[in-house]
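Note: the block below is model-v9.txt and it holds compact mmCIF, C-alpha atoms.
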```txt
# COMPACT_ATOMS: atom_id res chain seq x y z
CA MET K 1 80.50 134.46 120.97
CA LYS K 2 82.53 136.62 118.60
CA ALA K 3 81.99 134.31 115.62
CA LEU K 4 78.23 134.79 115.96
CA GLU K 5 78.57 138.57 116.22
CA ARG K 6 80.66 138.56 113.04
CA LYS K 7 78.08 136.38 111.30
CA ILE K 8 75.23 138.70 112.30
CA VAL K 9 77.14 141.68 110.90
CA GLU K 10 78.23 139.93 107.72
CA GLU K 11 75.09 137.93 106.88
CA GLY K 12 72.25 139.53 108.84
CA LYS K 13 69.88 142.15 107.53
CA ILE K 14 68.10 144.87 109.47
CA PHE K 15 64.48 145.75 108.72
CA PRO K 16 62.24 148.52 110.09
CA GLY K 17 60.67 147.73 113.45
CA ASN K 18 63.91 146.53 115.01
CA ILE K 19 63.78 143.25 113.11
CA VAL K 20 67.14 141.63 112.51
CA LYS K 21 66.82 138.97 109.86
CA VAL K 22 69.22 136.08 110.29
CA SER K 23 67.19 133.62 108.31
CA GLY K 24 70.22 132.97 106.11
CA PHE K 25 71.91 130.89 108.80
CA LEU K 26 69.68 130.63 111.88
CA ASN K 27 65.96 130.28 111.36
CA HIS K 28 65.02 129.49 107.76
CA ARG K 29 68.21 128.34 106.11
CA ILE K 30 70.33 126.66 108.78
CA ASP K 31 74.12 126.69 108.57
CA VAL K 32 74.39 123.38 110.43
CA LYS K 33 78.17 123.45 110.75
CA PHE K 34 78.05 126.89 112.35
CA MET K 35 75.06 125.96 114.49
CA MET K 36 77.03 123.00 115.82
CA GLU K 37 79.66 125.53 116.96
CA MET K 38 76.91 127.44 118.76
CA GLY K 39 75.71 124.20 120.32
CA LYS K 40 79.23 123.44 121.47
CA GLU K 41 79.48 126.87 123.08
CA ILE K 42 76.20 126.35 124.95
CA ALA K 43 77.45 122.95 126.14
CA ARG K 44 80.62 124.66 127.39
CA LEU K 45 78.47 127.05 129.49
CA TYR K 46 76.62 124.11 131.06
CA PRO K 47 79.20 121.38 131.65
CA ALA K 48 77.02 119.57 134.21
CA GLY K 49 73.72 119.68 136.10
CA VAL K 50 71.35 119.57 133.12
CA ASN K 51 69.34 116.45 132.22
CA LYS K 52 66.96 117.93 129.67
CA ILE K 53 66.77 120.72 127.12
CA LEU K 54 63.45 122.49 126.54
CA THR K 55 62.89 124.61 123.46
CA ILE K 56 59.95 125.82 121.38
CA GLU K 57 58.99 125.05 117.82
CA ALA K 58 60.02 125.78 115.17
CA SER K 59 63.24 127.75 115.09
CA GLY K 60 64.47 126.75 118.54
CA ILE K 61 64.68 123.10 117.57
CA ALA K 62 67.84 123.21 115.48
CA ILE K 63 70.04 124.96 118.03
CA ALA K 64 68.60 122.83 120.84
CA VAL K 65 69.49 119.65 118.93
CA CYS K 66 73.01 120.95 118.28
CA ALA K 67 73.56 121.73 121.98
CA ALA K 68 72.05 118.39 123.00
CA ASN K 69 74.50 116.64 120.70
CA PHE K 70 77.35 117.86 122.92
CA MET K 71 75.50 117.55 126.24
CA ASN K 72 74.09 114.03 125.77
CA VAL K 73 70.63 114.97 126.97
CA PRO K 74 67.24 114.72 125.23
CA VAL K 75 65.40 117.72 123.81
CA VAL K 76 61.72 118.44 124.40
CA PHE K 77 60.17 121.04 122.17
CA ALA K 78 57.05 122.88 123.23
CA LYS K 79 54.36 123.02 120.59
CA LYS K 80 52.39 126.08 119.65
CA GLY K 81 48.61 125.77 119.75
CA LYS K 82 47.12 122.31 119.95
CA SER K 83 47.90 119.17 118.03
CA ASN K 84 45.63 116.17 117.55
CA ASN K 85 48.63 113.96 118.25
CA ILE K 86 48.99 115.32 121.77
CA GLN K 87 46.54 114.24 124.41
CA SER K 88 44.85 116.74 126.70
CA ASP K 89 47.34 115.89 129.44
CA VAL K 90 49.68 118.83 128.86
CA TYR K 91 51.33 121.73 130.61
CA ALA K 92 50.34 124.94 128.86
CA ALA K 93 51.14 128.65 128.97
CA GLU K 94 49.93 131.59 126.92
CA VAL K 95 52.53 133.57 125.00
CA GLU K 96 52.21 136.88 123.20
CA SER K 97 54.37 137.02 120.07
CA PHE K 98 56.30 140.22 119.49
CA THR K 99 57.05 139.37 115.88
CA HIS K 100 53.55 138.42 114.87
CA GLY K 101 51.43 140.49 117.26
CA THR K 102 49.40 137.42 118.21
CA LYS K 103 48.79 135.19 121.22
CA TYR K 104 49.28 131.46 121.22
CA ASN K 105 49.53 128.60 123.67
CA VAL K 106 52.73 126.66 124.22
CA VAL K 107 52.11 123.11 125.34
CA VAL K 108 54.27 120.26 126.55
CA SER K 109 52.97 116.78 127.24
CA LYS K 110 53.14 115.93 130.95
CA GLU K 111 54.90 112.72 129.97
CA TYR K 112 58.05 114.58 129.01
CA LEU K 113 58.69 116.93 131.94
CA SER K 114 58.78 116.00 135.60
CA ALA K 115 59.85 117.21 139.03
CA ASP K 116 63.15 115.38 138.55
CA ASP K 117 64.13 117.52 135.57
CA LYS K 118 66.95 120.03 135.62
CA VAL K 119 66.16 121.97 132.51
CA LEU K 120 68.20 124.15 130.20
CA ILE K 121 65.84 126.28 128.11
CA ILE K 122 67.19 127.11 124.65
CA ASP K 123 65.81 129.41 122.00
CA ASP K 124 67.11 131.17 118.93
CA PHE K 125 65.83 134.66 119.86
CA LEU K 126 65.07 136.61 123.01
CA ALA K 127 63.26 139.92 122.68
CA ASN K 128 60.61 140.81 125.26
CA GLY K 129 61.02 137.41 126.89
CA ASN K 130 57.42 136.24 126.58
CA ALA K 131 58.23 132.90 124.98
CA LEU K 132 60.90 132.28 127.61
CA ARG K 133 58.44 133.11 130.40
CA GLY K 134 56.01 130.62 128.92
CA LEU K 135 58.65 127.90 128.93
CA ILE K 136 59.76 128.78 132.48
CA SER K 137 56.12 128.54 133.58
CA ILE K 138 55.83 125.10 132.02
CA VAL K 139 58.93 123.80 133.82
CA GLY K 140 57.50 125.21 137.05
CA GLN K 141 54.16 123.49 136.46
CA ALA K 142 56.07 120.21 136.17
CA GLY K 143 57.88 120.94 139.43
CA GLY K 144 61.21 120.91 137.62
CA GLU K 145 64.14 123.28 137.96
CA VAL K 146 65.23 125.83 135.34
CA VAL K 147 69.01 125.60 135.49
CA GLY K 148 69.38 128.38 132.95
CA CYS K 149 68.35 129.82 129.61
CA ALA K 150 70.69 129.82 126.62
CA ILE K 151 69.80 132.04 123.71
CA ALA K 152 71.50 132.53 120.36
CA ILE K 153 70.64 136.20 119.79
CA GLU K 154 69.20 138.53 122.40
CA LYS K 155 67.77 141.92 121.52
CA GLY K 156 69.13 143.65 124.62
CA PHE K 157 67.29 146.88 123.93
CA GLN K 158 63.95 145.13 124.38
CA ARG K 159 64.84 144.37 128.02
CA GLY K 160 63.24 140.91 128.18
CA GLY K 161 66.55 139.28 129.10
CA ASP K 162 67.57 141.90 131.65
CA ASN K 163 64.17 141.79 133.33
CA LEU K 164 64.49 138.04 133.75
CA ARG K 165 68.04 138.41 135.09
CA LYS K 166 66.76 140.92 137.67
CA GLU K 167 64.28 138.27 138.77
CA GLY K 168 67.15 135.85 139.33
CA VAL K 169 66.83 133.75 136.17
CA LYS K 170 70.18 132.75 134.66
CA VAL K 171 70.01 133.95 131.06
CA GLN K 172 73.03 133.68 128.78
CA SER K 173 72.99 134.79 125.17
CA LEU K 174 75.68 134.06 122.62
CA ALA K 175 75.23 137.56 121.21
CA ILE K 176 73.36 140.51 122.71
CA ILE K 177 72.37 143.36 120.41
CA ASP K 178 72.12 146.54 122.48
CA GLU K 179 71.48 148.90 119.58
CA MET K 180 70.49 148.61 115.94
CA THR K 181 70.33 151.34 113.34
CA ASP K 182 69.65 150.99 109.63
CA ASP K 183 73.25 150.17 108.93
CA SER K 184 74.91 149.10 112.15
CA VAL K 185 74.64 146.77 115.11
CA ARG K 186 76.21 147.37 118.53
CA PHE K 187 76.79 144.32 120.69
CA ARG K 188 76.99 144.21 124.47
CA GLU K 189 80.44 143.42 125.85
CA GLN K 190 80.31 140.05 127.64
CA MET U 191 66.78 100.51 109.82
CA LYS U 192 66.22 97.72 112.32
CA ALA U 193 67.10 99.89 115.33
CA LEU U 194 64.28 102.28 114.40
CA GLU U 195 61.80 99.42 113.93
CA ARG U 196 62.72 98.14 117.39
CA LYS U 197 62.32 101.61 118.86
CA ILE U 198 58.85 102.03 117.29
CA VAL U 199 57.76 98.68 118.76
CA GLU U 200 59.27 99.31 122.19
CA GLU U 201 58.49 103.01 122.66
CA GLY U 202 55.73 103.86 120.17
CA LYS U 203 52.03 103.87 120.94
CA ILE U 204 49.17 103.16 118.57
CA PHE U 205 45.97 105.21 118.70
CA PRO U 206 42.66 104.86 116.82
CA GLY U 207 42.70 106.34 113.33
CA ASN U 208 45.99 104.69 112.36
CA ILE U 209 47.98 107.15 114.42
CA VAL U 210 51.33 105.88 115.63
CA LYS U 211 52.65 108.10 118.38
CA VAL U 212 56.42 108.31 118.52
CA SER U 213 56.55 111.59 120.34
CA GLY U 214 58.72 110.00 123.02
CA PHE U 215 61.77 110.03 120.76
CA LEU U 216 60.93 111.61 117.40
CA ASN U 217 58.59 114.57 117.38
CA HIS U 218 57.99 116.04 120.81
CA ARG U 219 60.72 114.63 123.00
CA ILE U 220 63.78 114.06 120.81
CA ASP U 221 66.27 111.31 121.60
CA VAL U 222 69.12 113.26 120.02
CA LYS U 223 71.68 110.45 120.28
CA PHE U 224 69.33 108.09 118.45
CA MET U 225 68.32 110.75 115.95
CA MET U 226 72.00 111.25 115.13
CA GLU U 227 72.10 107.54 114.24
CA MET U 228 69.14 108.10 111.91
CA GLY U 229 70.92 111.09 110.41
CA LYS U 230 74.03 108.98 109.85
CA GLU U 231 71.93 106.34 108.09
CA ILE U 232 70.39 108.96 105.78
CA ALA U 233 73.88 110.30 105.02
CA ARG U 234 74.96 106.73 104.14
CA LEU U 235 72.11 106.52 101.61
CA TYR U 236 73.23 109.78 99.97
CA PRO U 237 77.03 109.74 99.94
CA ALA U 238 77.25 112.39 97.21
CA GLY U 239 75.26 114.57 94.85
CA VAL U 240 73.31 116.59 97.42
CA ASN U 241 74.09 120.23 98.22
CA LYS U 242 71.02 121.13 100.28
CA ILE U 243 68.48 119.50 102.59
CA LEU U 244 64.89 120.75 102.53
CA THR U 245 62.49 119.90 105.32
CA ILE U 246 59.33 121.35 106.85
CA GLU U 247 58.69 122.80 110.28
CA ALA U 248 58.45 121.71 112.98
CA SER U 249 59.15 118.03 113.43
CA GLY U 250 61.25 117.60 110.29
CA ILE U 251 63.89 120.02 111.52
CA ALA U 252 65.63 117.80 114.07
CA ILE U 253 66.22 114.84 111.77
CA ALA U 254 67.21 117.16 108.92
CA VAL U 255 69.83 118.82 111.14
CA CYS U 256 71.15 115.42 112.23
CA ALA U 257 71.51 114.23 108.62
CA ALA U 258 73.09 117.54 107.59
CA ASN U 259 75.65 117.13 110.35
CA PHE U 260 77.02 114.09 108.52
CA MET U 261 76.49 115.43 104.99
CA ASN U 262 78.04 118.87 105.47
CA VAL U 263 75.22 120.66 103.70
CA PRO U 264 72.85 123.41 104.91
CA VAL U 265 69.22 122.79 105.83
CA VAL U 266 66.33 124.92 104.64
CA PHE U 267 63.06 124.42 106.42
CA ALA U 268 59.79 125.32 104.77
CA LYS U 269 57.48 127.35 106.95
CA LYS U 270 53.79 126.76 107.38
CA GLY U 271 51.51 129.71 106.75
CA LYS U 272 53.03 133.16 106.55
CA SER U 273 55.56 134.88 108.76
CA ASN U 274 56.16 138.60 109.08
CA ASN U 275 59.86 137.89 108.98
CA ILE U 276 59.66 136.45 105.47
CA GLN U 277 59.18 138.81 102.59
CA SER U 278 56.59 138.15 99.90
CA ASP U 279 59.29 136.75 97.64
CA VAL U 280 58.64 133.07 98.36
CA TYR U 281 57.91 129.78 96.68
CA ALA U 282 54.66 128.39 98.04
CA ALA U 283 52.51 125.27 97.82
CA GLU U 284 49.25 124.28 99.45
CA VAL U 285 49.28 121.16 101.61
CA GLU U 286 46.38 119.23 103.12
CA SER U 287 47.24 117.79 106.53
CA PHE U 288 46.14 114.22 107.17
CA THR U 289 46.68 114.51 110.92
CA HIS U 290 44.84 117.76 111.44
CA GLY U 291 42.30 117.73 108.60
CA THR U 292 43.32 121.24 107.56
CA LYS U 293 45.00 123.00 104.66
CA TYR U 294 48.04 125.21 104.98
CA ASN U 295 50.67 126.82 102.80
CA VAL U 296 54.29 125.79 102.87
CA VAL U 297 56.62 128.61 101.92
CA VAL U 298 60.34 128.91 101.24
CA SER U 299 62.09 132.20 100.60
CA LYS U 300 63.38 132.43 97.04
CA GLU U 301 66.76 133.40 98.47
CA TYR U 302 67.37 129.92 99.79
CA LEU U 303 66.54 127.66 96.84
CA SER U 304 67.82 127.98 93.31
CA ALA U 305 68.20 126.15 90.00
CA ASP U 306 71.67 125.02 91.10
CA ASP U 307 70.32 123.06 94.04
CA LYS U 308 70.41 119.29 94.25
CA VAL U 309 68.00 118.74 97.08
CA LEU U 310 67.43 115.91 99.51
CA ILE U 311 63.99 116.31 101.08
CA ILE U 312 63.76 114.98 104.64
CA ASP U 313 60.75 114.58 106.90
CA ASP U 314 59.87 112.64 110.01
CA PHE U 315 56.64 111.11 108.66
CA LEU U 316 55.19 110.12 105.31
CA ALA U 317 51.52 109.17 105.15
CA ASN U 318 49.50 110.32 102.14
CA GLY U 319 52.47 112.25 100.80
CA ASN U 320 50.86 115.68 100.65
CA ALA U 321 53.58 117.49 102.58
CA LEU U 322 56.22 115.81 100.42
CA ARG U 323 54.41 116.84 97.23
CA GLY U 324 54.35 120.41 98.50
CA LEU U 325 58.10 120.36 99.08
CA ILE U 326 58.74 118.72 95.68
CA SER U 327 56.63 121.44 94.05
CA ILE U 328 58.70 124.12 95.78
CA VAL U 329 62.00 122.65 94.56
CA GLY U 330 60.51 122.50 91.06
CA GLN U 331 59.43 126.14 91.25
CA ALA U 332 63.05 127.02 92.02
CA GLY U 333 64.24 124.99 89.04
CA GLY U 334 66.21 122.71 91.34
CA GLU U 335 66.52 118.95 91.30
CA VAL U 336 65.00 116.59 93.88
CA VAL U 337 67.73 113.98 94.33
CA GLY U 338 65.57 111.99 96.69
CA CYS U 339 63.33 111.95 99.74
CA ALA U 340 64.45 110.45 103.04
CA ILE U 341 61.80 109.77 105.65
CA ALA U 342 62.06 108.43 109.18
CA ILE U 343 58.73 106.58 109.37
CA GLU U 344 56.46 105.84 106.41
CA LYS U 345 52.91 104.62 106.83
CA GLY U 346 53.04 102.24 103.87
CA PHE U 347 49.34 101.41 104.05
CA GLN U 348 48.44 105.00 103.21
CA ARG U 349 50.16 104.66 99.83
CA GLY U 350 51.63 108.16 99.64
CA GLY U 351 55.17 106.82 99.35
CA ASP U 352 54.34 104.12 96.81
CA ASN U 353 52.40 106.55 94.64
CA LEU U 354 55.40 108.85 94.54
CA ARG U 355 57.72 105.92 93.74
CA LYS U 356 55.44 104.96 90.80
CA GLU U 357 55.87 108.52 89.53
CA GLY U 358 59.63 108.05 89.58
CA VAL U 359 60.46 109.93 92.78
CA LYS U 360 63.20 108.28 94.84
CA VAL U 361 61.66 107.83 98.29
CA GLN U 362 63.53 105.96 101.02
CA SER U 363 62.16 105.48 104.50
CA LEU U 364 64.11 104.20 107.47
CA ALA U 365 61.05 102.22 108.57
CA ILE U 366 57.87 101.45 106.61
CA ILE U 367 54.79 100.36 108.54
CA ASP U 368 52.63 98.23 106.25
CA GLU U 369 50.04 97.27 108.83
CA MET U 370 49.02 98.44 112.28
CA THR U 371 46.55 96.86 114.64
CA ASP U 372 45.77 97.82 118.24
CA ASP U 373 48.69 95.82 119.54
CA SER U 374 51.07 95.14 116.68
CA VAL U 375 53.03 96.75 113.87
CA ARG U 376 54.16 94.97 110.69
CA PHE U 377 57.12 96.50 108.87
CA ARG U 378 57.92 96.17 105.18
CA GLU U 379 61.00 94.12 104.40
CA GLN U 380 63.62 96.40 102.85
```

What is this file in structure tokens?
Amino acid sequence: MKALERKIVEEGKIFPGNIVKVSGFLNHRIDVKFMMEMGKEIARLYPAGVNKILTIEASGIAIAVCAANFMNVPVVFAKKGKSNNIQSDVYAAEVESFTHGTKYNVVVSKEYLSADDKVLIIDDFLANGNALRGLISIVGQAGGEVVGCAIAIEKGFQRGGDNLRKEGVKVQSLAIIDEMTDDSVRFREQ
Amino acid sequence: MKALERKIVEEGKIFPGNIVKVSGFLNHRIDVKFMMEMGKEIARLYPAGVNKILTIEASGIAIAVCAANFMNVPVVFAKKGKSNNIQSDVYAAEVESFTHGTKYNVVVSKEYLSADDKVLIIDDFLANGNALRGLISIVGQAGGEVVGCAIAIEKGFQRGGDNLRKEGVKVQSLAIIDEMTDDSVRFREQ
């Protein structure tokens, strides 16, 4: 999505440790009008065959809601850790966070995923793919089908997306960063 | 909002400790079509005078995005705790969670709130008002103006909303629960 690549270049910031900060429009301040365009693009990639979107709190929620708005399906967001408002009857997977260097559980109530579900997994970022693997595991535990994974920004150089593709998972990212230096970003041709 | 009251009665569940579980459409599984209706209603309450929406992760994000879609303003969501992706240059406030019995910090990068901002604060729930007070404090630290607070579901019997109203804060909730028993919910006439 060329408009997203332009936005990353114009508004993103690069920090040491291969961190690209897009909190100005994606995951702290949300440019809702632009995110709706991203949601529309995801809906265009999945015109049929999806009855549920699964994402993960917190920064996946906004883009998932924007895509759902065009796809007319509900969103379920996986929670991190445990919440007193969720009963023990959950699907759970352990995820190691690249950004924070920590491990956490992602949990989804069994009420909200079933073997009938054809799930599009959406997230804002894909780096080593651990969060995505956690969500894929949860859909599998429910007996549902992962139709595909739609990501806003993939860090291609961290290989998480390509490894999943090699395993046969359909992973589409609106922008894939194959190389970052202190002052430039190179995107993968798609 | 009568449609929300109906939805709480039909789809919500009441648990001991005055917990009303609406995770089937509001804060775990999201009924995006219905949430867009809630967003439209919030936009109707604030036809002008707002240039930014502030909410708090995670379950405030969806309804904030839906309202922003009709108000054509960006959303900023406050983060809980600290993130390596946010620099130290933040506004912060301590919040005590009613649901979890814990304390946490809410933080917003100074980049995304300023003295020019006329802010509508949005959240999914209002109980004792602590999260809302944290967000109000953060807007104040930035020198901005809180135009109002729009909430999906207020637990009126916990007084957080009424205490804020007495202090002169404009707080509007789409549904206010004044009384809950094991098998019934009484809403405040609005």

Give the residues of chain U that lie within 9 Å of chain K; count all atoms listed in the file, and format the answer as a short mmCIF file (atom, residue, chain, number, x, y, z; two decimals) with C-alpha atoms, in the coordinates of the input.
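Writing the result to iface06.cif gives the following:
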```
data_model
loop_
_atom_site.label_atom_id
_atom_site.label_comp_id
_atom_site.auth_asym_id
_atom_site.auth_seq_id
_atom_site.Cartn_x
_atom_site.Cartn_y
_atom_site.Cartn_z
CA ILE U 209 47.98 107.15 114.42
CA VAL U 210 51.33 105.88 115.63
CA LYS U 211 52.65 108.10 118.38
CA SER U 213 56.55 111.59 120.34
CA GLY U 214 58.72 110.00 123.02
CA PHE U 215 61.77 110.03 120.76
CA ASN U 217 58.59 114.57 117.38
CA HIS U 218 57.99 116.04 120.81
CA ARG U 219 60.72 114.63 123.00
CA ILE U 220 63.78 114.06 120.81
CA ASP U 221 66.27 111.31 121.60
CA VAL U 222 69.12 113.26 120.02
CA LYS U 223 71.68 110.45 120.28
CA MET U 226 72.00 111.25 115.13
CA GLU U 247 58.69 122.80 110.28
CA ALA U 248 58.45 121.71 112.98
CA SER U 249 59.15 118.03 113.43
CA ILE U 251 63.89 120.02 111.52
CA ALA U 252 65.63 117.80 114.07
CA ALA U 254 67.21 117.16 108.92
CA VAL U 255 69.83 118.82 111.14
CA CYS U 256 71.15 115.42 112.23
CA ALA U 258 73.09 117.54 107.59
CA ASN U 259 75.65 117.13 110.35
CA ASN U 262 78.04 118.87 105.47
CA VAL U 263 75.22 120.66 103.70
CA PRO U 264 72.85 123.41 104.91
CA VAL U 265 69.22 122.79 105.83
CA VAL U 266 66.33 124.92 104.64
CA PHE U 267 63.06 124.42 106.42
CA ALA U 268 59.79 125.32 104.77
CA LYS U 269 57.48 127.35 106.95
CA SER U 273 55.56 134.88 108.76
CA ASN U 274 56.16 138.60 109.08
CA ASN U 275 59.86 137.89 108.98
CA ILE U 276 59.66 136.45 105.47
CA THR U 289 46.68 114.51 110.92
CA HIS U 290 44.84 117.76 111.44
CA VAL U 298 60.34 128.91 101.24
CA SER U 299 62.09 132.20 100.60
CA GLU U 301 66.76 133.40 98.47
CA TYR U 302 67.37 129.92 99.79
#
```

**Message:** Taking 2 positions as the minimum chain separation for residues in the same chain, which residues sit within 12 Å of Val329 of chain U when counting all atoms listed in the file? Answer as a PyMOL selection string.
**Reply:** chain U and resi 242-245+266+268+280-283+296-300+302-311+322-327+331-339

**Asked** Interatomic distance between atom CA of Met228 of chain U and atom CA of Lys345 of chain U?
**Response** 17.4 Å

**Atom pair atom CA of Lys170 of chain K / atom CA of Glu10 of chain K: separation (Å)** =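 Value for the atom CA of Lys170 of chain K-atom CA of Glu10 of chain K distance: 29.0 Å.
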
**Message:** One decimal, in Å: what's the spacing between atom CA of Asn241 of chain U and atom CA of Ile341 of chain U?
**Reply:**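 These two atoms are separated by 17.8 Å.
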
**Request:** Show which residues sit within 10 Å of Asn18 of chain K, as a list in words. Count all atoms listed in the file, and ignore same-chain residues fewer than 6 positions away.
**Result:** Thr99, Lys155, Phe157, Gln158, Glu179, Met180, Thr181 and Asp182 of chain K

Restrict the selected residues to C-alpha atoms and save them as an mmCIF file, in the frame of the given file.
```
data_model
loop_
_atom_site.group_PDB
_atom_site.id
_atom_site.type_symbol
_atom_site.label_atom_id
_atom_site.label_comp_id
_atom_site.auth_asym_id
_atom_site.auth_seq_id
_atom_site.Cartn_x
_atom_site.Cartn_y
_atom_site.Cartn_z
ATOM 1 C CA THR K 99 57.050 139.370 115.880
ATOM 2 C CA LYS K 155 67.770 141.920 121.520
ATOM 3 C CA PHE K 157 67.290 146.880 123.930
ATOM 4 C CA GLN K 158 63.950 145.130 124.380
ATOM 5 C CA GLU K 179 71.480 148.900 119.580
ATOM 6 C CA MET K 180 70.490 148.610 115.940
ATOM 7 C CA THR K 181 70.330 151.340 113.340
ATOM 8 C CA ASP K 182 69.650 150.990 109.630
#
```

Quick one: segment 254-269 of chain U with N, CA and C atoms, as a CSV table (one decimal), in the coordinates of the input?
```
chain,number,residue,atom,x,y,z
U,254,ALA,N,66.5,116.5,110.0
U,254,ALA,CA,67.2,117.2,108.9
U,254,ALA,C,68.6,117.7,109.4
U,255,VAL,N,68.6,118.3,110.6
U,255,VAL,CA,69.8,118.8,111.1
U,255,VAL,C,70.8,117.7,111.4
U,256,CYS,N,70.3,116.6,111.9
U,256,CYS,CA,71.2,115.4,112.2
U,256,CYS,C,71.8,114.8,111.0
U,257,ALA,N,71.0,114.7,109.9
U,257,ALA,CA,71.5,114.2,108.6
U,257,ALA,C,72.5,115.2,108.1
U,258,ALA,N,72.2,116.5,108.1
U,258,ALA,CA,73.1,117.5,107.6
U,258,ALA,C,74.4,117.5,108.3
U,259,ASN,N,74.4,117.2,109.6
U,259,ASN,CA,75.6,117.1,110.4
U,259,ASN,C,76.6,116.2,109.7
U,260,PHE,N,76.1,115.1,109.1
U,260,PHE,CA,77.0,114.1,108.5
U,260,PHE,C,77.2,114.4,107.0
U,261,MET,N,76.4,115.2,106.4
U,261,MET,CA,76.5,115.4,105.0
U,261,MET,C,77.2,116.8,104.7
U,262,ASN,N,77.4,117.6,105.7
U,262,ASN,CA,78.0,118.9,105.5
U,262,ASN,C,77.3,119.7,104.4
U,263,VAL,N,76.0,119.8,104.5
U,263,VAL,CA,75.2,120.7,103.7
U,263,VAL,C,74.3,121.5,104.6
U,264,PRO,N,73.8,122.6,104.1
U,264,PRO,CA,72.8,123.4,104.9
U,264,PRO,C,71.5,122.8,104.8
U,265,VAL,N,70.6,123.2,105.8
U,265,VAL,CA,69.2,122.8,105.8
U,265,VAL,C,68.4,124.0,105.6
U,266,VAL,N,67.4,123.9,104.7
U,266,VAL,CA,66.3,124.9,104.6
U,266,VAL,C,65.0,124.3,105.1
U,267,PHE,N,64.4,125.0,106.1
U,267,PHE,CA,63.1,124.4,106.4
U,267,PHE,C,61.9,125.3,105.9
U,268,ALA,N,61.0,124.6,105.2
U,268,ALA,CA,59.8,125.3,104.8
U,268,ALA,C,58.9,125.7,106.0
U,269,LYS,N,58.3,126.9,105.9
U,269,LYS,CA,57.5,127.4,107.0
U,269,LYS,C,56.0,127.1,106.6
```
